[in-house]
Each structure stands twice: as C-alpha cells, then as structure tokens.
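Enquirer: So here's final_20.cif (mmCIF, C-alpha atoms).
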```
data_coords
loop_
_atom_site.group_PDB
_atom_site.id
_atom_site.type_symbol
_atom_site.label_atom_id
_atom_site.label_comp_id
_atom_site.auth_asym_id
_atom_site.auth_seq_id
_atom_site.Cartn_x
_atom_site.Cartn_y
_atom_site.Cartn_z
ATOM 1 C CA SER A 136 40.471 9.891 2.838
ATOM 2 C CA ASN A 137 41.544 7.806 5.817
ATOM 3 C CA PRO A 138 38.665 5.523 6.948
ATOM 4 C CA THR A 139 40.171 4.909 10.397
ATOM 5 C CA ALA A 140 38.108 7.588 12.125
ATOM 6 C CA HIS A 141 34.808 6.234 10.751
ATOM 7 C CA ARG A 142 35.766 2.682 11.670
ATOM 8 C CA SER A 143 36.531 3.780 15.227
ATOM 9 C CA ASP A 144 33.246 5.677 15.475
ATOM 10 C CA VAL A 145 31.278 2.664 14.249
ATOM 11 C CA MET A 146 32.921 0.452 16.885
ATOM 12 C CA ARG A 147 32.062 3.006 19.575
ATOM 13 C CA TYR A 148 28.418 2.500 18.700
ATOM 14 C CA LEU A 149 28.891 -1.211 19.360
ATOM 15 C CA ARG A 150 30.175 -0.534 22.878
ATOM 16 C CA ASN A 151 27.196 1.716 23.645
ATOM 17 C CA ASP A 152 24.578 0.203 21.377
ATOM 18 C CA THR A 153 21.061 1.553 21.965
ATOM 19 C CA SER A 154 19.548 -1.840 21.210
ATOM 20 C CA CYS A 155 21.475 -3.365 24.122
ATOM 21 C CA TYR A 156 19.936 -1.091 26.768
ATOM 22 C CA TRP A 157 16.571 -2.477 27.815
ATOM 23 C CA ALA A 158 13.815 -1.224 30.070
ATOM 24 C CA ASP A 159 13.291 -3.152 33.301
ATOM 25 C CA PRO A 160 10.217 -5.383 32.727
ATOM 26 C CA THR A 161 9.189 -4.954 36.359
ATOM 27 C CA GLU A 162 9.026 -1.186 35.839
ATOM 28 C CA ASP A 163 7.817 -0.941 32.242
ATOM 29 C CA ARG A 164 6.698 -4.265 30.817
ATOM 30 C CA ILE A 165 5.084 -2.747 27.689
ATOM 31 C CA LEU A 166 8.247 -0.958 26.573
ATOM 32 C CA HIS A 167 10.349 -4.012 27.427
ATOM 33 C CA ARG A 168 8.064 -6.202 25.306
ATOM 34 C CA ARG A 169 8.372 -3.828 22.352
ATOM 35 C CA GLN A 170 12.151 -3.788 22.679
ATOM 36 C CA SER A 171 12.140 -7.574 22.714
ATOM 37 C CA GLN A 172 10.006 -7.699 19.573
ATOM 38 C CA ALA A 173 12.314 -5.269 17.767
ATOM 39 C CA TRP A 174 15.729 -6.435 18.952
ATOM 40 C CA ASP A 175 15.702 -10.119 19.965
ATOM 41 C CA ASP A 176 15.854 -11.567 16.456
ATOM 42 C CA LEU A 177 18.187 -8.774 15.367
ATOM 43 C CA HIS A 178 20.833 -9.671 17.947
ATOM 44 C CA HIS A 179 20.517 -13.392 17.410
ATOM 45 C CA SER A 180 20.544 -13.319 13.605
ATOM 46 C CA LEU A 181 23.300 -10.748 13.230
ATOM 47 C CA SER A 182 25.550 -12.523 15.734
ATOM 48 C CA SER A 183 25.213 -15.873 13.963
ATOM 49 C CA GLU A 184 24.685 -14.837 10.325
ATOM 50 C CA LEU A 185 27.162 -11.978 9.978
ATOM 51 C CA LEU A 186 29.686 -12.603 12.757
ATOM 52 C CA GLY A 187 29.548 -16.398 12.716
ATOM 53 C CA LEU A 188 29.158 -16.738 16.473
ATOM 54 C CA PRO A 189 27.710 -19.790 18.253
ATOM 55 C CA GLU A 190 23.945 -19.759 18.712
ATOM 56 C CA ASP A 191 24.230 -19.189 22.459
ATOM 57 C CA LEU A 192 26.616 -16.222 22.193
ATOM 58 C CA GLY A 193 25.427 -12.653 21.703
ATOM 59 C CA PRO A 194 25.958 -9.087 22.856
ATOM 60 C CA ALA A 195 25.902 -7.960 26.471
ATOM 61 C CA GLN A 196 22.585 -6.423 27.500
ATOM 62 C CA ALA A 197 21.790 -4.050 30.343
ATOM 63 C CA VAL A 198 18.321 -4.092 31.868
ATOM 64 C CA GLY A 199 17.159 -1.014 33.756
ATOM 65 C CA GLY A 200 18.989 2.212 34.544
ATOM 66 C CA GLY A 201 20.993 0.896 37.486
ATOM 67 C CA GLU A 202 22.423 -2.070 35.631
ATOM 68 C CA SER A 203 23.189 0.123 32.613
ATOM 69 C CA LEU A 204 25.369 2.393 34.716
ATOM 70 C CA ILE A 205 27.183 -0.470 36.415
ATOM 71 C CA LEU A 206 27.872 -2.501 33.273
ATOM 72 C CA SER A 207 28.981 0.386 31.072
ATOM 73 C CA ARG A 208 31.183 2.092 33.661
ATOM 74 C CA ARG A 209 34.918 2.076 33.016
ATOM 75 C CA SER A 210 36.714 -0.413 35.248
ATOM 76 C CA GLU A 211 39.705 -2.752 35.377
ATOM 77 C CA GLY A 212 37.816 -5.413 33.483
ATOM 78 C CA ASN A 213 36.257 -2.858 31.142
ATOM 79 C CA PRO A 214 38.980 -0.250 30.430
ATOM 80 C CA ALA A 215 37.289 1.185 27.312
ATOM 81 C CA SER A 216 33.942 1.686 29.090
ATOM 82 C CA GLY A 217 30.709 0.696 27.379
ATOM 83 C CA LEU A 218 28.979 -2.662 27.505
ATOM 84 C CA PRO A 219 31.255 -5.678 28.121
ATOM 85 C CA HIS A 220 30.484 -7.630 24.955
ATOM 86 C CA PRO A 221 32.246 -10.986 24.502
ATOM 87 C CA PRO A 222 35.762 -10.345 23.120
ATOM 88 C CA ILE A 223 35.151 -12.662 20.160
ATOM 89 C CA LEU A 224 32.086 -10.619 19.181
ATOM 90 C CA VAL A 225 34.047 -7.373 19.294
ATOM 91 C CA ASP A 226 36.963 -8.911 17.386
ATOM 92 C CA ARG A 227 34.777 -10.269 14.586
ATOM 93 C CA ALA A 228 32.782 -7.050 14.368
ATOM 94 C CA GLN A 229 36.050 -5.125 14.007
ATOM 95 C CA LYS A 230 37.277 -7.466 11.267
ATOM 96 C CA TRP A 231 33.993 -7.091 9.384
ATOM 97 C CA VAL A 232 34.096 -3.292 9.642
ATOM 98 C CA ASP A 233 37.746 -3.269 8.512
ATOM 99 C CA SER A 234 36.826 -5.386 5.467
ATOM 100 C CA LEU A 235 34.274 -2.891 4.120
ATOM 101 C CA ASP A 236 35.030 -0.666 1.163
ATOM 102 C CA ALA A 237 34.811 3.095 1.676
ATOM 103 C CA TRP A 238 31.295 3.470 0.270
ATOM 104 C CA THR A 239 29.772 0.644 2.299
ATOM 105 C CA LEU A 240 31.556 1.972 5.371
ATOM 106 C CA ALA A 241 29.954 5.365 4.707
ATOM 107 C CA ALA A 242 26.518 3.716 4.548
ATOM 108 C CA LEU A 243 27.186 1.812 7.776
ATOM 109 C CA TYR A 244 28.453 4.921 9.539
ATOM 110 C CA SER A 245 25.371 6.943 8.520
ATOM 111 C CA ALA A 246 23.015 4.198 9.682
ATOM 112 C CA CYS A 247 24.839 3.811 13.015
ATOM 113 C CA VAL A 248 24.806 7.570 13.657
ATOM 114 C CA GLU A 249 21.083 7.809 12.966
ATOM 115 C CA SER A 250 20.088 4.704 14.920
ATOM 116 C CA LYS A 251 22.752 5.032 17.667
ATOM 117 C CA SER A 252 23.263 1.318 17.145
ATOM 118 C CA PHE A 253 25.927 -0.854 15.542
ATOM 119 C CA PHE A 254 23.533 -3.787 15.322
ATOM 120 C CA ILE A 255 20.775 -1.878 13.525
ATOM 121 C CA GLY A 256 23.224 -0.215 11.148
ATOM 122 C CA ALA A 257 25.082 -3.447 10.385
ATOM 123 C CA ALA A 258 21.810 -5.339 9.906
ATOM 124 C CA MET A 259 20.571 -2.820 7.373
ATOM 125 C CA VAL A 260 23.839 -2.819 5.392
ATOM 126 C CA GLN A 261 24.079 -6.609 5.422
ATOM 127 C CA GLU A 262 20.439 -6.985 4.420
ATOM 128 C CA ALA A 263 20.944 -4.599 1.498
ATOM 129 C CA ALA A 264 23.826 -6.724 0.213
ATOM 130 C CA LYS A 265 21.825 -9.924 0.659
ATOM 131 C CA ARG A 266 18.930 -8.519 -1.361
ATOM 132 C CA VAL A 267 21.258 -7.595 -4.220
ATOM 133 C CA GLU A 268 22.699 -11.101 -4.186
ATOM 134 C CA GLY A 269 19.180 -12.509 -4.425
ATOM 135 C CA ASN A 270 19.369 -14.206 -1.030
ATOM 136 C CA GLU A 271 16.882 -14.034 1.799
ATOM 137 C CA SER A 272 18.387 -12.590 4.953
ATOM 138 C CA LYS A 273 16.920 -13.221 8.383
ATOM 139 C CA ILE A 274 18.487 -10.045 9.704
ATOM 140 C CA ALA A 275 16.192 -7.282 8.503
ATOM 141 C CA LYS A 276 13.581 -6.563 5.859
ATOM 142 C CA ASP A 277 14.126 -2.973 4.773
ATOM 143 C CA ALA A 278 15.030 0.535 5.895
ATOM 144 C CA LYS A 279 11.547 1.025 7.379
ATOM 145 C CA TRP A 280 12.210 -1.877 9.719
ATOM 146 C CA ALA A 281 15.565 -0.421 10.692
ATOM 147 C CA LEU A 282 14.025 2.985 11.393
ATOM 148 C CA LYS A 283 11.327 1.407 13.540
ATOM 149 C CA ALA A 284 13.923 -0.606 15.467
ATOM 150 C CA ALA A 285 15.922 2.561 16.077
ATOM 151 C CA ARG A 286 12.895 4.448 17.417
ATOM 152 C CA VAL A 287 11.331 1.969 19.840
ATOM 153 C CA GLU A 288 11.554 4.265 22.865
ATOM 154 C CA GLU A 289 10.766 7.471 20.946
ATOM 155 C CA ASP A 290 7.647 5.973 19.367
ATOM 156 C CA PHE A 291 6.535 4.550 22.700
ATOM 157 C CA ASN A 292 6.898 7.965 24.361
ATOM 158 C CA ILE A 293 4.974 9.640 21.540
ATOM 159 C CA GLU A 294 2.147 7.142 21.964
ATOM 160 C CA THR A 295 2.166 7.763 25.711
ATOM 161 C CA TRP A 296 2.596 11.539 25.861
ATOM 162 C CA GLY A 297 1.687 12.725 22.392
ATOM 163 C CA LEU A 298 3.501 14.118 19.358
ATOM 164 C CA VAL A 299 4.994 17.608 19.394
ATOM 165 C CA GLU A 300 4.447 19.159 15.975
ATOM 166 C CA GLY A 301 7.533 20.770 14.522
ATOM 167 C CA ALA A 302 9.778 18.529 16.614
ATOM 168 C CA HIS A 303 8.881 14.837 16.681
ATOM 169 C CA ASP A 304 7.514 14.864 13.133
ATOM 170 C CA TYR A 305 10.643 16.521 11.744
ATOM 171 C CA ASP A 306 12.839 14.108 13.684
ATOM 172 C CA LEU A 307 10.955 11.139 12.199
ATOM 173 C CA LEU A 308 11.208 12.579 8.686
ATOM 174 C CA ASN A 309 14.934 13.245 9.018
ATOM 175 C CA GLY A 310 15.532 9.770 10.433
ATOM 176 C CA SER A 311 13.612 8.195 7.562
ATOM 177 C CA ILE A 312 15.617 10.133 4.974
ATOM 178 C CA GLN A 313 18.952 9.222 6.586
ATOM 179 C CA MET A 314 18.178 5.514 6.964
ATOM 180 C CA HIS A 315 16.735 5.130 3.467
ATOM 181 C CA ALA A 316 19.711 6.999 1.985
ATOM 182 C CA ALA A 317 22.150 4.700 3.799
ATOM 183 C CA SER A 318 20.214 1.633 2.644
ATOM 184 C CA PHE A 319 20.143 2.887 -0.947
ATOM 185 C CA LEU A 320 23.890 3.542 -0.910
ATOM 186 C CA ALA A 321 24.628 0.079 0.485
ATOM 187 C CA GLN A 322 22.437 -1.567 -2.159
ATOM 188 C CA THR A 323 23.950 0.503 -4.965
ATOM 189 C CA VAL A 324 27.503 -0.398 -3.962
ATOM 190 C CA ALA A 325 26.655 -4.085 -3.554
ATOM 191 C CA ASP A 326 24.934 -4.072 -6.944
ATOM 192 C CA ALA A 327 27.911 -2.368 -8.619
ATOM 193 C CA VAL A 328 30.396 -4.801 -7.114
ATOM 194 C CA THR A 329 28.222 -7.729 -8.236
ATOM 195 C CA GLU A 330 28.023 -6.390 -11.782
ATOM 196 C CA ILE A 331 31.760 -5.818 -11.995
ATOM 197 C CA GLY A 332 32.273 -9.480 -11.219
ATOM 198 C CA ALA A 333 35.855 -9.158 -12.426
ATOM 199 C CA GLY A 334 37.234 -9.592 -8.978
ATOM 200 C CA GLU A 335 38.150 -8.089 -5.724
ATOM 201 C CA THR A 336 41.040 -6.007 -7.043
ATOM 202 C CA GLU A 337 38.980 -3.962 -9.483
ATOM 203 C CA GLY A 338 36.264 -3.418 -6.907
ATOM 204 C CA GLN A 339 38.826 -2.204 -4.401
ATOM 205 C CA LEU A 340 40.283 0.293 -6.854
ATOM 206 C CA ILE A 341 36.869 1.820 -7.482
ATOM 207 C CA PHE A 342 35.443 1.851 -4.001
ATOM 208 C CA GLN A 343 38.372 2.540 -1.709
#
```
As structure tokens, what does this structure read like?
Expert:
Amino acid sequence: SNPTAHRSDVMRYLRNDTSCYWADPTEDRILHRRQSQAWDDLHHSLSSELLGLPEDLGPAQAVGGGESLILSRRSEGNPASGLPHPPILVDRAQKWVDSLDAWTLAALYSACVESKSFFIGAAMVQEAAKRVEGNESKIAKDAKWALKAARVEEDFNIETWGLVEGAHDYDLLNGSIQMHAASFLAQTVADAVTEIGAGETEGQLIFQ
C-alpha cells in the first residue's frame, strides 16, 4: 500500500504535538513541572540524537492557552497552521519519516496516534531500534515511559478529580496495549533487519 498518507499524518502530529503545549506555570505550576519532567529531556535528546540538530535548537513550544492559539493559528508566516517549528527540524523529521520501512512506519504511526505526539512516538521507535542494536539511548527507556509521557495531563487530572471507573481505567488499558504493541513491532522489525545483515536491498524487499 502507499505509505504517503501515513507519512503525512505523522508529520501532522509534529505540527500539533501534545508535548509542545505546556501549562502556564503562573496558573498551574504543578502541572507545568510534571510536563517539564516528562518532556524536557525528550525534546532535547530527540532533536540532537535523532535529527542531528544543534544543542540550542529544538521544537517550538506554546505556554498557556492564549499563546497556544496565537502560535498555532494559520497565518502568512505559518500557512500550514500548527506550531512554527524551525524549518530545519521539520525538514529533517520529514526525511527521517520518509526513510522508514513500512513496518517501522506503522509502529511510528500507531504510537503517534495514541500519544498525539510525534516526539513521543519517534522516541519510542528510535529507542526500540537502539535497544536491538545493543546501544544505550538517552531518548526513552521503554513503552511504559512513553505511555506516561503521553498521559501527563490525564494522570494529573485523575489525581486531582478522581478516576471514573469504566472510562479512565479502560482508556489507560487501551493506551498501554497500543503503545506496547507499537514498541514490540518496532523492536521486532529492527531485530529482523539486524539479523538479515545482508544489506539494505534485501531488507527493503521484505519490509516495504
């Protein structure tokens, strides 16, 4: 099948990445602190480790509801709408997504859909490949980490207002299944490609 639609969808999650919309610390310092703990290292490590960007260059971030609306609104300087990430970040993210085989792209797409975040999905896929290669990645530890990073606001609201049985618990279970399945698929593909070892051509024939 044609992967173009999935590639486009994944890039849409970059433009409206959940992990780039932060609570205003003057209005909700606890939530802002938790977002910082979950997403700061993620943005920094993924930008430098996967996309090869300079240390001081990362994604655009919107703080508070007002800024989120202003930054993500379609305008002359932002014709596609969404957050105005640096062009080099978007370009390298697109090249990385375009380089993925069909199975890894499927894992990335599933993770992005569940987390509503390109950065969380990409971190989980990249981390899975790193683990198979026997390398330590600074991006993420496992699918549990990715699920937690994707649910910062939901978990905070549950702690504040309580859990609704038959709703929040099912949502958490479904999210866990989806993220672990995507992680398992990414690891399996990376492991298979490593074992083939015969080269890029054979891997492309199998996985595209």
Enquirer: What lies within 8 Å of Ile255 (chain A) using all atoms listed in the file, ignoring chain neighbours under 3 positions off, as an NGL selection string?
Expert: :A and (154 or 177 or 246-247 or 250 or 252 or 258-259 or 281 or 284-285)
Enquirer: Take the PyMOL selection byres ((chain A and resi 153) around 12), run it mentally on this structure, and tell me the resulting residues as a PyMOL selection string.
Expert: chain A and resi 147-152+154-158+170+173-174+178+194-198+203+217-218+247-256+284-289
Enquirer: By how many Å are CA of Val145 (chain A) and CA of Ile293 (chain A) apart?
Expert: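 Distance reported for this atom pair: 28.2 Å.
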Enquirer: Between A:Leu166, A:Leu243, A:Leu235, A:Ala228, which one has atoms that come closest to Leu188 (chain A), using all atoms listed in the file?
Expert: A:Ala228
Enquirer: Measuring atom to atom with only C-alpha atoms, identify which of A:Leu307, A:Gln261, A:Leu224, A:Met314 is nearest to Thr239 (chain A).
Expert: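 Smallest separation from Thr239 (chain A) among the options: A:Gln261.
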Enquirer: Just to confirm, what's the straight-line distance from CA of Glu262 (chain A) to CA of Gln172 (chain A) in Å (one decimal)?
Expert: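 Pair CA of Glu262 (chain A) / CA of Gln172 (chain A) returns 18.4 Å.
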Enquirer: For the provided coordinates, the residues matched by the PyMOL selection byres ((chain A and resi 138) around 10) should be stated as a PyMOL selection string.
Expert: chain A and resi 136-137+139-143+233+235-237+240-241+343
Enquirer: Could you jot down the CA of His315 (chain A) to CA of Asp175 (chain A) separation for me, Å, one decimal place?
Expert: 22.5 Å
Enquirer: Might you spell out which residues the PyMOL selection byres ((chain A and resi 192) around 12) would select in the displayed file, as a list in words?
Expert: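 Given this file, the PyMOL selection byres ((chain A and resi 192) around 12) evaluates to His178, His179, Ser180, Leu181, Ser182, Ser183, Leu186, Gly187, Leu188, Pro189, Glu190, Asp191, Gly193, Pro194, Ala195, Gln196, His220, Pro221, Pro222, Ile223, Leu224 and Val225 of chain A.
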Enquirer: Please define a box with edges along x, y and z of the file around all atoms of region 253-267 of chain A given in the file, extend it by 8 Å on each side, and return its centre and edge lengths in Å to one decimal, as JSON.
Expert:
```
{"center_x": 22.4, "center_y": -5.1, "center_z": 5.7, "size_x": 23.0, "size_y": 25.7, "size_z": 35.8}
```
